[in-house]
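**Student:** What follows is query_31.txt, made up of compact mmCIF, C-alpha atoms:
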# COMPACT_ATOMS: atom_id res chain seq x y z
CA MET K 1354 257.20 4.86 272.38
CA SER K 1355 255.37 6.46 269.51
CA PRO K 1356 252.02 4.84 268.80
CA ARG K 1357 251.56 3.00 265.53
CA ILE K 1358 249.19 5.16 263.53
CA GLY K 1359 247.64 4.18 260.23
CA LEU K 1360 246.18 6.85 257.96
CA ALA K 1361 243.85 5.43 255.33
CA MET K 1362 243.61 7.66 252.28
CA THR K 1363 242.53 7.73 248.67
CA ARG K 1364 243.65 11.19 247.62
CA VAL K 1365 245.61 13.71 249.62
CA ARG K 1366 243.22 16.63 249.80
CA VAL K 1367 243.83 19.70 251.93
CA GLU K 1368 242.34 17.92 254.95
CA GLU K 1369 244.59 14.87 254.68
CA LYS K 1370 247.62 17.09 254.18
CA LEU K 1371 246.81 19.11 257.28
CA ILE K 1372 246.39 15.98 259.37
CA ALA K 1373 249.63 14.51 258.04
CA GLN K 1374 251.46 17.77 258.73
CA GLU K 1375 250.10 17.82 262.28
CA LEU K 1376 251.29 14.26 262.87
CA ASP K 1377 254.70 15.19 261.47
CA ARG K 1378 254.85 18.37 263.53
CA ARG K 1379 254.44 16.29 266.69
CA GLY K 1380 257.09 13.84 265.54
CA LEU K 1381 254.60 10.98 265.33
CA ALA K 1382 255.34 8.12 263.00
CA TRP K 1383 252.46 7.18 260.78
CA GLU K 1384 251.93 4.87 257.88
CA ARG K 1385 249.78 5.48 254.89
CA ILE K 1386 247.16 2.88 254.10
CA ASP K 1387 246.62 3.47 250.41
CA ASP K 1388 243.44 2.12 248.92
CA ALA K 1389 245.08 2.03 245.49
CA THR K 1390 246.35 -1.43 246.33
CA HIS K 1391 244.92 -4.86 246.95
CA TRP K 1392 244.16 -6.65 250.19
CA SER K 1393 244.69 -10.21 251.23
CA LEU K 1394 241.89 -11.78 253.18
CA ASP K 1395 243.94 -14.86 253.99
CA PRO K 1396 243.97 -15.49 257.73
CA ASP K 1397 247.77 -15.73 257.95
CA ARG K 1398 248.02 -12.10 256.79
CA ALA K 1399 245.52 -10.86 259.33
CA ASP K 1400 247.75 -9.55 262.10
CA ARG K 1401 246.93 -6.26 263.70
CA ARG K 1402 249.50 -3.62 262.76
CA TYR K 1403 248.41 -0.34 264.30
CA ASP K 1404 247.35 1.10 267.61
CA VAL K 1405 244.81 3.15 265.77
CA VAL K 1406 243.74 3.81 262.19
CA LEU K 1407 242.29 7.13 261.08
CA ASP K 1408 240.12 6.70 258.02
CA ARG K 1409 240.25 9.55 255.52
CA THR K 1410 239.20 7.45 252.56
CA ILE K 1411 237.15 9.61 250.24
CA GLY K 1412 234.49 7.24 248.93
CA PHE K 1413 231.71 5.63 250.93
CA GLY K 1414 232.13 2.20 249.33
CA ARG K 1415 235.89 2.08 249.69
CA SER K 1416 235.78 3.46 253.19
CA LEU K 1417 233.28 0.93 254.43
CA ALA K 1418 235.06 -2.03 252.84
CA THR K 1419 238.48 -0.87 254.04
CA LEU K 1420 237.27 -0.38 257.60
CA ARG K 1421 235.56 -3.76 257.68
CA MET K 1422 238.75 -5.48 256.55
CA LEU K 1423 240.82 -3.52 259.08
CA GLU K 1424 238.44 -4.23 261.93
CA ALA K 1425 238.35 -7.91 260.99
CA ARG K 1426 242.04 -8.12 261.82
CA GLY K 1427 241.51 -6.29 265.08
CA GLU K 1428 242.37 -2.72 264.18
CA ARG K 1429 240.81 0.12 266.12
CA CYS K 1430 239.40 2.47 263.52
CA ILE K 1431 238.22 6.05 263.59
CA ASN K 1432 235.49 6.19 262.56
CA PRO K 1433 234.38 2.62 263.06
CA ALA K 1434 232.87 0.77 260.09
CA ALA K 1435 229.46 0.72 261.78
CA CYS K 1436 229.49 4.52 261.94
CA VAL K 1437 230.37 4.79 258.26
CA ALA K 1438 227.62 2.29 257.37
CA THR K 1439 225.16 4.47 259.25
CA CYS K 1440 226.32 7.89 258.07
CA GLY K 1441 226.82 6.83 254.46
CA ASP K 1442 223.12 6.19 254.00
CA LYS K 1443 220.69 8.99 254.80
CA LEU K 1444 217.89 6.58 255.54
CA VAL K 1445 219.96 4.62 258.04
CA THR K 1446 221.23 7.86 259.57
CA HIS K 1447 217.69 9.14 259.88
CA LEU K 1448 216.56 6.00 261.68
CA ALA K 1449 219.48 6.25 264.11
CA LEU K 1450 218.80 9.92 264.81
CA VAL K 1451 215.09 9.44 265.35
CA ALA K 1452 215.78 6.48 267.65
CA ALA K 1453 217.97 8.80 269.72
CA GLY K 1454 215.22 11.40 269.95
CA ILE K 1455 216.95 13.90 267.68
CA PRO K 1456 214.63 16.24 265.76
CA CYS K 1457 214.77 15.79 261.99
CA PRO K 1458 212.73 17.28 259.12
CA GLU K 1459 209.48 15.54 258.33
CA THR K 1460 210.42 12.68 256.03
CA ARG K 1461 208.81 10.01 253.86
CA VAL K 1462 210.32 7.06 252.01
CA ALA K 1463 208.85 5.26 249.01
CA PHE K 1464 210.06 2.74 246.46
CA ASP K 1465 208.20 3.69 243.31
CA PRO K 1466 207.32 7.02 241.70
CA GLY K 1467 203.59 6.68 242.36
CA SER K 1468 204.05 6.12 246.08
CA ALA K 1469 206.67 8.87 246.17
CA LEU K 1470 204.21 11.26 244.59
CA VAL K 1471 201.62 10.44 247.24
CA ALA K 1472 204.29 11.03 249.90
CA ALA K 1473 205.22 14.39 248.36
CA GLU K 1474 201.58 15.49 248.32
CA GLU K 1475 201.23 14.43 251.94
CA LEU K 1476 204.28 16.43 252.98
CA GLY K 1477 203.20 19.46 250.96
CA TYR K 1478 205.35 21.27 248.42
CA PRO K 1479 208.11 22.19 248.22
CA VAL K 1480 209.68 18.87 249.08
CA VAL K 1481 213.31 17.84 248.77
CA LEU K 1482 214.25 14.57 247.11
CA LYS K 1483 217.60 13.17 248.19
CA PRO K 1484 219.49 10.09 247.12
CA THR K 1485 220.02 7.98 250.24
CA VAL K 1486 223.65 7.50 249.22
CA GLY K 1487 225.22 10.63 247.86
CA SER K 1488 227.51 13.47 248.65
CA TRP K 1489 228.33 17.11 248.05
CA GLY K 1490 224.64 17.81 247.45
CA ARG K 1491 224.62 15.96 244.16
CA LEU K 1492 221.22 14.88 242.81
CA VAL K 1493 219.42 16.62 245.65
CA ALA K 1494 216.31 18.08 244.01
CA ARG K 1495 213.81 20.63 245.22
CA LEU K 1496 210.33 19.78 243.95
CA ASN K 1497 208.20 22.89 244.05
CA ASP K 1498 204.99 21.38 242.73
CA ARG K 1499 203.36 18.23 241.42
CA ASP K 1500 204.61 18.81 237.87
CA ALA K 1501 208.22 18.99 239.03
CA ALA K 1502 207.73 15.94 241.25
CA GLU K 1503 206.30 13.85 238.43
CA ALA K 1504 209.12 14.82 236.08
CA VAL K 1505 211.99 14.23 238.49
CA LEU K 1506 210.57 11.02 239.90
CA GLU K 1507 210.12 9.58 236.42
CA ASP K 1508 213.65 10.62 235.50
CA ARG K 1509 215.07 8.90 238.56
CA GLN K 1510 213.04 5.75 237.93
CA VAL K 1511 214.05 5.49 234.28
CA LEU K 1512 217.59 6.87 234.32
CA GLY K 1513 218.74 6.24 237.87
CA ASP K 1514 220.31 3.06 239.15
CA TRP K 1515 218.66 0.98 241.87
CA THR K 1516 220.08 3.13 244.66
CA GLN K 1517 217.99 6.03 243.36
CA HIS K 1518 214.80 4.00 243.53
CA THR K 1519 214.59 4.50 247.27
CA TYR K 1520 212.82 7.85 247.28
CA TYR K 1521 213.78 9.78 250.40
CA LEU K 1522 211.62 12.89 250.60
CA GLN K 1523 211.65 15.69 253.13
CA ARG K 1524 209.49 18.70 253.64
CA LEU K 1525 211.63 21.71 252.73
CA VAL K 1526 212.82 23.51 255.84
CA ARG K 1527 212.59 27.24 255.22
CA LYS K 1528 215.95 28.03 256.77
CA PRO K 1529 217.19 31.59 257.18
CA GLY K 1530 219.64 31.49 254.25
CA ARG K 1531 222.06 29.40 256.21
CA ASP K 1532 222.60 26.11 257.91
CA ILE K 1533 224.99 25.01 260.62
CA ARG K 1534 227.91 22.65 260.27
CA LEU K 1535 228.84 21.37 263.72
CA PHE K 1536 232.11 19.53 264.30
CA VAL K 1537 232.25 16.85 266.96
CA VAL K 1538 235.52 15.21 267.95
CA GLY K 1539 235.78 12.63 270.71
CA GLY K 1540 232.28 13.38 271.96
CA GLU K 1541 232.88 17.13 272.19
CA ALA K 1542 231.38 19.75 269.90
CA ILE K 1543 234.59 21.66 269.15
CA CYS K 1544 233.26 24.36 266.83
CA ALA K 1545 230.62 25.24 264.28
CA ILE K 1546 230.17 27.38 261.22
CA TYR K 1547 227.23 28.92 259.46
CA ARG K 1548 227.11 28.07 255.78
CA MET K 1549 225.38 30.87 253.97
CA SER K 1550 224.02 30.99 250.47
CA ALA K 1551 221.23 32.62 248.52
CA HIS K 1552 220.69 29.19 246.99
CA TRP K 1553 218.55 26.75 248.93
CA ILE K 1554 221.49 24.31 249.03
CA THR K 1555 223.94 25.71 251.57
CA ASN K 1556 226.90 23.47 250.95
CA THR K 1557 230.44 24.83 250.75
CA ALA K 1558 231.08 22.33 247.94
CA ARG K 1559 228.33 24.26 246.12
CA GLY K 1560 229.70 27.71 246.83
CA ALA K 1561 228.29 28.64 250.24
CA THR K 1562 230.28 31.13 252.30
CA THR K 1563 231.12 30.55 255.95
CA ALA K 1564 231.12 32.38 259.28
CA VAL K 1565 231.64 31.26 262.84
CA CYS K 1566 228.61 29.93 264.70
CA PRO K 1567 228.82 30.04 268.49
CA VAL K 1568 228.43 26.60 270.06
CA ASP K 1569 225.81 27.12 272.75
CA ASP K 1570 224.77 24.46 275.23
CA GLU K 1571 221.91 23.25 273.06
CA LEU K 1572 224.12 22.87 270.01
CA ALA K 1573 226.85 21.15 272.01
CA ALA K 1574 224.35 18.66 273.40
CA LEU K 1575 222.89 18.09 269.96
CA GLY K 1576 226.34 17.33 268.58
CA ARG K 1577 227.15 14.89 271.36
CA THR K 1578 223.84 13.10 270.97
CA CYS K 1579 224.18 12.85 267.19
CA ALA K 1580 227.71 11.49 267.41
CA ARG K 1581 226.61 8.92 269.95
CA ALA K 1582 223.57 7.98 267.85
CA VAL K 1583 225.73 7.07 264.84
CA GLY K 1584 228.67 5.70 266.84
CA GLY K 1585 230.92 8.43 265.48
CA GLU K 1586 234.15 9.73 267.00
CA ILE K 1587 234.96 12.42 264.43
CA VAL K 1588 231.86 13.65 262.66
CA ALA K 1589 230.26 16.77 261.30
CA VAL K 1590 226.57 17.33 261.93
CA ASP K 1591 224.46 19.35 259.50
CA VAL K 1592 221.77 21.32 261.30
CA VAL K 1593 219.03 23.59 259.93
CA GLU K 1594 216.92 26.11 261.78
CA ASP K 1595 213.25 26.17 260.85
CA GLU K 1596 210.95 29.21 260.88
CA GLU K 1597 210.28 28.74 264.59
CA GLY K 1598 214.00 28.59 265.34
CA ARG K 1599 213.96 24.87 266.08
CA ARG K 1600 217.13 23.04 265.17
CA LEU K 1601 216.68 20.00 262.99
CA VAL K 1602 219.40 17.60 261.96
CA LEU K 1603 219.78 16.77 258.28
CA GLU K 1604 222.69 14.37 258.35
CA VAL K 1605 225.90 13.34 260.05
CA ASN K 1606 229.10 13.17 258.00
CA HIS K 1607 231.67 10.52 258.83
CA GLY K 1608 234.41 11.86 256.53
CA MET K 1609 234.16 15.50 257.35
CA GLU K 1610 235.78 18.19 255.28
CA PHE K 1611 236.99 21.12 257.32
CA ARG K 1612 239.36 23.22 255.23
CA ASN K 1613 236.93 26.15 255.13
CA SER K 1614 236.15 25.99 258.84
CA ILE K 1615 239.52 26.50 260.51
CA ALA K 1616 239.88 30.20 259.76
CA PRO K 1617 236.35 31.34 260.71
CA THR K 1618 236.24 29.32 263.94
CA GLY K 1619 239.86 29.81 264.97
CA VAL K 1620 239.89 26.17 266.02
CA ASP K 1621 242.79 24.03 264.89
CA ILE K 1622 240.60 21.15 263.72
CA PRO K 1623 243.42 18.88 262.48
CA ALA K 1624 245.15 19.30 265.85
CA ARG K 1625 241.95 18.30 267.65
CA ILE K 1626 241.65 15.29 265.37
CA VAL K 1627 245.21 14.24 266.13
CA ASP K 1628 244.58 14.77 269.86
CA HIS K 1629 241.72 12.32 269.64
CA VAL K 1630 243.68 9.83 267.54
CA LEU K 1631 246.41 9.82 270.18
CA ALA K 1632 243.94 9.42 273.01
CA ARG K 1633 242.43 6.40 271.30
CA ALA K 1634 245.86 4.94 270.52
CA GLU K 1635 246.80 5.13 274.15
CA GLU K 1636 243.79 3.12 275.25
CA GLY K 1637 245.53 -0.03 274.11
CA VAL K 1638 242.50 -2.20 273.47
CA PRO K 1639 240.77 -2.37 270.09
CA CYS K 1640 237.14 -1.37 269.92
CA MET W 1127 259.20 24.14 237.53
CA ASN W 1128 256.61 21.55 236.57
CA ALA W 1129 254.09 22.04 233.82
CA CYS W 1130 250.36 21.46 233.80
CA LEU W 1131 249.56 18.29 231.86
CA GLU W 1132 246.59 19.97 230.24
CA CYS W 1133 247.63 23.51 229.32
CA GLY W 1134 251.38 23.46 229.90
CA GLY W 1135 251.20 26.34 232.37
CA ALA W 1136 253.67 26.62 235.21
CA LEU W 1137 252.75 24.52 238.22
CA GLU W 1138 254.34 25.19 241.57
CA LEU W 1139 254.76 22.22 243.88
CA PRO W 1140 254.28 22.50 247.64
CA ALA W 1141 257.39 22.50 249.80
CA ASP W 1142 256.52 19.09 251.22
CA PRO W 1143 254.77 17.21 248.43
CA MET W 1144 253.04 13.92 249.16
CA VAL W 1145 252.21 11.07 246.83
CA GLY W 1146 248.51 11.28 246.09
CA GLU W 1147 248.35 15.02 246.75
CA ILE W 1148 246.00 16.92 244.51
CA LEU W 1149 247.17 20.06 242.75
CA ALA W 1150 245.01 22.37 240.68
CA CYS W 1151 246.53 24.26 237.80
CA PRO W 1152 246.12 27.99 238.53
CA ALA W 1153 245.69 28.71 234.83
CA CYS W 1154 243.19 26.11 233.62
CA GLY W 1155 241.93 24.47 236.83
CA THR W 1156 242.88 20.94 235.80
CA GLU W 1157 243.42 18.73 238.82
CA MET W 1158 246.58 16.68 238.91
CA GLU W 1159 247.80 14.11 241.35
CA ILE W 1160 251.38 13.64 242.47
CA GLY W 1161 252.21 10.09 241.44
CA GLY W 1162 255.82 9.95 242.57
CA LEU W 1163 258.41 12.07 244.33
CA ALA W 1164 261.83 11.09 243.04
CA PRO W 1165 261.55 12.37 240.45
CA VAL W 1166 258.28 14.21 240.82
CA GLU W 1167 255.68 12.62 238.60
CA LEU W 1168 252.36 14.20 237.80
CA ARG W 1169 249.28 12.54 236.40
CA LEU W 1170 245.76 13.69 235.80
CA ALA W 1171 243.73 13.23 238.96
CA PRO W 1172 241.17 10.45 238.78
CA GLU W 1173 237.61 11.38 237.97
CA ILE W 1174 235.45 11.92 241.03
CA GLU W 1175 233.32 8.85 241.64
CA GLU W 1176 229.67 8.88 242.58
CA ASP W 1177 230.15 8.06 246.24
CA TRP W 1178 233.09 10.37 246.86
CA GLY W 1179 232.80 13.21 249.31
CA GLU W 1180 230.80 13.95 252.38
Starting from the file, give its structure as structure tokens.
**Tutor:**
Amino acid sequence: MSPRIGLAMTRVRVEEKLIAQELDRRGLAWERIDDATHWSLDPDRADRRYDVVLDRTIGFGRSLATLRMLEARGERCINPAACVATCGDKLVTHLALVAAGIPCPETRVAFDPGSALVAAEELGYPVVLKPTVGSWGRLVARLNDRDAAEAVLEDRQVLGDWTQHTYYLQRLVRKPGRDIRLFVVGGEAICAIYRMSAHWITNTARGATTAVCPVDDELAALGRTCARAVGGEIVAVDVVEDEEGRRLVLEVNHGMEFRNSIAPTGVDIPARIVDHVLARAEEGVPC
Amino acid sequence: MNACLECGGALELPADPMVGEILACPACGTEMEIGGLAPVELRLAPEIEEDWGE
């Protein structure tokens, strides 16, 4: 019997389409869980409906809320809500990674511009200011000197909402014009790409180009450890290499985008995702 | 052939369209969302929200 698969989505981007096509290609029945609807929290509507739910919801807030409601009725979700709660906040992610012994860039956190300025001076310029909740590299600022730090910190304090008043600062890692995006599915590092850009932000959403990155033993172990640290089943780990060649982890993405990574790696990422979804569905017991 | 809601340019649908699928107009870049399939209904895609993306 075909497993009951739920696919939670907001928009159908290339990634969601590829996953849906892969499910269809295998003749698997699946049901869309559309977040453009409302939910009943009444207990008589709380029956479990799926063997597994794959979350491809696009927004952090919606994703977390949707997963919590699904898990409350006993659904097994990929990724679990706890993973999304961790990965959706860079500070929480950082704490989880450090607790697992994973090397990260030198980081400071402050709650007011004055303390943030002291932290920036302590790290040494340039420093990178990141919103703890954010995506696609938005509002990530490189502060090259004290003047820039004072200006940006004041802007964030005056114009930003409360989420921007947690000042998460990192010493800039002088990476070799690239970073590494490592894909981990079901505890296995399945492939990786280099994201290359002349700009200091090497994000494909910001125009970086891609090339295959061989997954060596160290990278594979790093991916496994990161996924375990955040409780993630399908995640993408962002890794930078510093001037000494050490690999440092910047963040772990719970809702990974992979459209630009299939061709360079030659790995059928949506197929690997569906493989994992099926494996979890066959386990029979919710997480 | 469907038309872009912004510039009126020709917009080709995929062979297997899905409700919620995002299409970008090749002429002006406007993103549209498929709102219905029978008949095909297009609407402007919602604005990206602050917490969207990875």
**Student:** Give the residues of chain W that lie within 9 Å of chain K; count all atoms listed in the file, and format the answer as a list of chain:residue names.
**Tutor:** W:Met1144, W:Val1145, W:Gly1146, W:Glu1147, W:Ile1148, W:Leu1149, W:Glu1159, W:Ala1171, W:Glu1175, W:Glu1176, W:Asp1177, W:Trp1178, W:Gly1179, W:Glu1180
**Student:** By how many Å are CA of Glu1586 (chain K) and CA of Glu1604 (chain K) apart?
**Tutor:**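 Pair CA of Glu1586 (chain K) / CA of Glu1604 (chain K) returns 15.1 Å.
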**Student:** Write out as a list in words which residues come within 7 Å of region 1527-1540 of chain K when counting only C-alpha atoms, dropping same-chain ones fewer than 2 positions away.
**Tutor:**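 Those residues are Leu1525, Ala1542, Ile1543, Cys1544, Ala1545, Ile1546, Tyr1547, Arg1548, Met1549, Ser1550, Ala1551, Thr1555, Gly1576, Arg1577, Ala1580, Glu1586, Ile1587, Val1588, Ala1589, Val1590, Asp1591, Val1592, Val1593, Glu1594, Asp1595, Glu1596, Ile1626 and His1629 of chain K.
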**Student:** Limited to C-alpha atoms, could you put the picked residues into a file as a compact mmCIF listing (two decimals), in the coordinates of the input?
**Tutor:**
# COMPACT_ATOMS: atom_id res chain seq x y z
CA LEU K 1525 211.63 21.71 252.73
CA ALA K 1542 231.38 19.75 269.90
CA ILE K 1543 234.59 21.66 269.15
CA CYS K 1544 233.26 24.36 266.83
CA ALA K 1545 230.62 25.24 264.28
CA ILE K 1546 230.17 27.38 261.22
CA TYR K 1547 227.23 28.92 259.46
CA ARG K 1548 227.11 28.07 255.78
CA MET K 1549 225.38 30.87 253.97
CA SER K 1550 224.02 30.99 250.47
CA ALA K 1551 221.23 32.62 248.52
CA THR K 1555 223.94 25.71 251.57
CA GLY K 1576 226.34 17.33 268.58
CA ARG K 1577 227.15 14.89 271.36
CA ALA K 1580 227.71 11.49 267.41
CA GLU K 1586 234.15 9.73 267.00
CA ILE K 1587 234.96 12.42 264.43
CA VAL K 1588 231.86 13.65 262.66
CA ALA K 1589 230.26 16.77 261.30
CA VAL K 1590 226.57 17.33 261.93
CA ASP K 1591 224.46 19.35 259.50
CA VAL K 1592 221.77 21.32 261.30
CA VAL K 1593 219.03 23.59 259.93
CA GLU K 1594 216.92 26.11 261.78
CA ASP K 1595 213.25 26.17 260.85
CA GLU K 1596 210.95 29.21 260.88
CA ILE K 1626 241.65 15.29 265.37
CA HIS K 1629 241.72 12.32 269.64
**Student:** What gap, in Å, lies between CA of Leu1381 (chain K) and CA of Thr1618 (chain K)?
**Tutor:**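 Rounded to one decimal, the two atoms are 26.0 Å apart.
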**Student:** Please return, as number ranges by chain, all polymer residues that have at least one atom within 10 Å of the point (210.4, 16.4, 246.4); use all atoms listed in the file and the file's own coordinate frame.
**Tutor:** K: 1461, 1469-1470, 1472-1474, 1476-1483, 1493-1499, 1501-1503, 1505-1506, 1520-1525
**Student:** Which residues are close to Arg1169 (chain W), i.e. within 9 Å by only C-alpha atoms, leaving aside same-chain residues fewer than 2 positions away? Reply as number ranges by chain.
**Tutor:** W: 1131, 1157-1161, 1167, 1171-1172
**Student:** Could you tell me how far CA of Glu1368 (chain K) sits from CA of Leu1170 (chain W), in Å to one decimal place?
**Tutor:**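 We find that CA of Leu1170 (chain W) and CA of Glu1368 (chain K) lie 19.9 Å from each other.
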**Student:** Might you pull out every residue within 7 Å of Ala1361 (chain K), with all atoms listed in the file counted and same-chain residues fewer than 3 positions away left off, and present them as a list of chain:residue names?
**Tutor:**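 With the cut-off at 7 Å, the set is K:Arg1385, K:Ile1386, K:Asp1387, K:Leu1407, K:Asp1408, K:Arg1409, K:Thr1410.
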**Student:** Within 12 Å of Ala1136 (chain W), counting all atoms listed in the file, which residues show up once you throw out same-chain ones fewer than 3 positions away? Write them as a list in words, please.
**Tutor:**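 With the cut-off at 12 Å, the set is Met1127, Asn1128, Ala1129, Cys1130, Leu1131, Glu1132, Cys1133, Leu1139, Leu1149, Ala1150, Cys1151, Pro1152, Ala1153 and Cys1154 of chain W.
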**Student:** Grab all the atoms of region 1430-1433 of chain K that the file lists, wrap them in a box along x, y and z, add 6 Å per side, and give me centre plus edge lengths in Å (one decimal) as JSON.
**Tutor:**
{"center_x": 236.9, "center_y": 4.3, "center_z": 263.1, "size_x": 17.0, "size_y": 15.7, "size_z": 13.0}
